[in-house]
Amino acid sequence: MASIREPEVQFAQRLASNERPIRSKALKKLRKYINARSQRASDGFTGDELLKLWKGLFYCLWMQDKPLLQEELSKQISTLIHSFNDTDKQLLYLESFLLTFKREWTGIDRLRMDKFFQLVRFVFRQTFEALKRKNWESSAVSKFLEMLTAQLLQSSSEAPCGLQLHILDLYLTELATVGSAELTADQNLTFIDPFCKTAAKTKNQTLFSAICRSIFSTIIDQAPFAIEDLMKEVKAAEASEEDETQIKAGKSSEEEEEEDDDDDDDHLEEDTELLSDDIGPVLQFDYAALADKLFELARRNSTPGQNRQRLYKVIKVLRDLSEGVFPESEYPEEVSTDEDDEMFGSRRRMKRGRGHVEGPEAPAAKKSKEDSNSQFRIQEGDLRSQE
């Protein structure tokens, strides 16, 4: 038993070395070791062994200075997940990562926090990449979501609040980066199912607000861009069909006119592409289906009343989106999950404030003008009486 654990302990010690060459050499050997051991079905890694390796990987990044070297090291550590040839082992690697970070999170000082934020982002990106290489198999996705719920979202998981908030912030962004071109609306709905269920039953208002902000609000904010991408695909398909018919017809004059129109369309597409590039790739969602799912969860007796009221506001906005009605400036105030947030709905409050202030001020100004006129008449009458 001791001989089996010995390699993992040795790797952990070398990965946490003070000297960078020793750490780099240990990381290269670890990749080969994982590849070789993963080939043998009867000799897979256990959870305890991966926890030992992850402790060494954690302190390997802890000891690394300089941002560019930290980024390169984070990429190397995150891509180790592809050295496991089995989905279950890949998810066990991710689970060991989450367990390690939950244990070590509160001990990370603010000067080192950024590089660990980056590692968390890269690990989730490569996890989605691993699922993509499996063609987004439903069984693999279900196992991933079950593990994520157990280690991050359940009250018994004891996950640090900072780790929860960071993963919620990057979740949709990294999923879109990897799978926006392939994932369907139904698959995207499956990926956010754990957050919908958690939002309907959690009593942790910090977690609930974070889910509403990072998941639901992000989906609503990106709705115009998601619809825009969908329309681009439809227009591109229609344009290709029109080009084929024009080539067959051979109408030169009509082609010239349509080329001018295409130039105008190209300018418009370039403008929209500039807007889309600002937010990156976005995911497609069936807003009506998402609204129905949230409604079924929110109407349960087990849902806290405060959560239910806020979810109903989100549901209303989603149903408006499904009917083609965009919330625009009124959305943030209605869907805001922070009662003390002064940023949401500030424009509307300013308008209301102006309405209340301008109403009384206008008669007051008029009255002051009349008073000045009356005083002028009195002074003029006094001068005439003296004469």
# chains A, B, ... in the order shown; residues from 1 in each chain; ligands from 1

$ residues_around --residues "Thr106 in chain A" --least-positions-apart "5" --cutoff "10 Å" --atoms "only C-alpha atoms" --output "ChimeraX atom specification"
/A:101,160-163

$ closest_atom_pairs --of "range 67-152 of chain A" --to "range 27-51 of chain A" --cutoff "6 Å" --atoms "only C-alpha atoms" --output "CSV"
residue,atom,partner,partner_atom,distance
A:Ser83,CA,A:Asn35,CA,5.2
A:Phe84,CA,A:Ser38,CA,5.7
A:Ser96,CA,A:Leu51,CA,5.4

$ write_last_selection --atoms "C-alpha atoms" --output "PDB file, in the first residue's frame"
ATOM      1  CA  SER A  83      -4.173  12.885 -20.044  1.00  0.00           C
ATOM      2  CA  PHE A  84      -6.975  10.826 -18.494  1.00  0.00           C
ATOM      3  CA  SER A  96     -10.045  16.633  -6.524  1.00  0.00           C
TER       4      SER A  96
END

$ residues_around --residues "Lys201 in chain A" --least-positions-apart "6" --cutoff "7 Å" --atoms "only C-alpha atoms" --output "JSON, numbers by chain"
{"A": [302, 303, 304]}

$ closest_atom_pairs --of "range 304-326 of chain A" --to "range 284-294 of chain A" --cutoff "9 Å" --atoms "only C-alpha atoms" --output "JSON lines"
{"residue": "A:Leu311", "atom": "CA", "partner": "A:Leu294", "partner_atom": "CA", "distance": 7.1}
{"residue": "A:Tyr312", "atom": "CA", "partner": "A:Leu294", "partner_atom": "CA", "distance": 8.2}
{"residue": "A:Val314", "atom": "CA", "partner": "A:Ala291", "partner_atom": "CA", "distance": 7.9}
{"residue": "A:Ile315", "atom": "CA", "partner": "A:Ala291", "partner_atom": "CA", "distance": 4.9}
{"residue": "A:Lys316", "atom": "CA", "partner": "A:Ala291", "partner_atom": "CA", "distance": 7.7}
{"residue": "A:Val317", "atom": "CA", "partner": "A:Ala291", "partner_atom": "CA", "distance": 8.6}
{"residue": "A:Leu318", "atom": "CA", "partner": "A:Tyr287", "partner_atom": "CA", "distance": 5.4}
{"residue": "A:Arg319", "atom": "CA", "partner": "A:Ala288", "partner_atom": "CA", "distance": 5.7}
{"residue": "A:Asp320", "atom": "CA", "partner": "A:Tyr287", "partner_atom": "CA", "distance": 8.7}
{"residue": "A:Leu321", "atom": "CA", "partner": "A:Tyr287", "partner_atom": "CA", "distance": 6.6}
{"residue": "A:Ser322", "atom": "CA", "partner": "A:Tyr287", "partner_atom": "CA", "distance": 5.3}
{"residue": "A:Glu323", "atom": "CA", "partner": "A:Ala288", "partner_atom": "CA", "distance": 8.5}

$ residues_around --residues "range 126-142 of chain A" --least-positions-apart "5" --cutoff "8 Å" --atoms "only C-alpha atoms" --output "number ranges by chain"
A: 78-79, 81-82, 87, 94, 174-175, 178-179, 191

$ closest_residue --among "A:Glu146, A:Ala26, A:Ala16, A:Lys115" --to "Asp65 in chain A" --atoms "only C-alpha atoms"
A:Lys115

$ residues_around --residues "Ser214 in chain A" --least-positions-apart "2" --cutoff "10 Å" --atoms "only C-alpha atoms" --output "PyMOL selection string"
chain A and resi 165-173+209-212+216-219
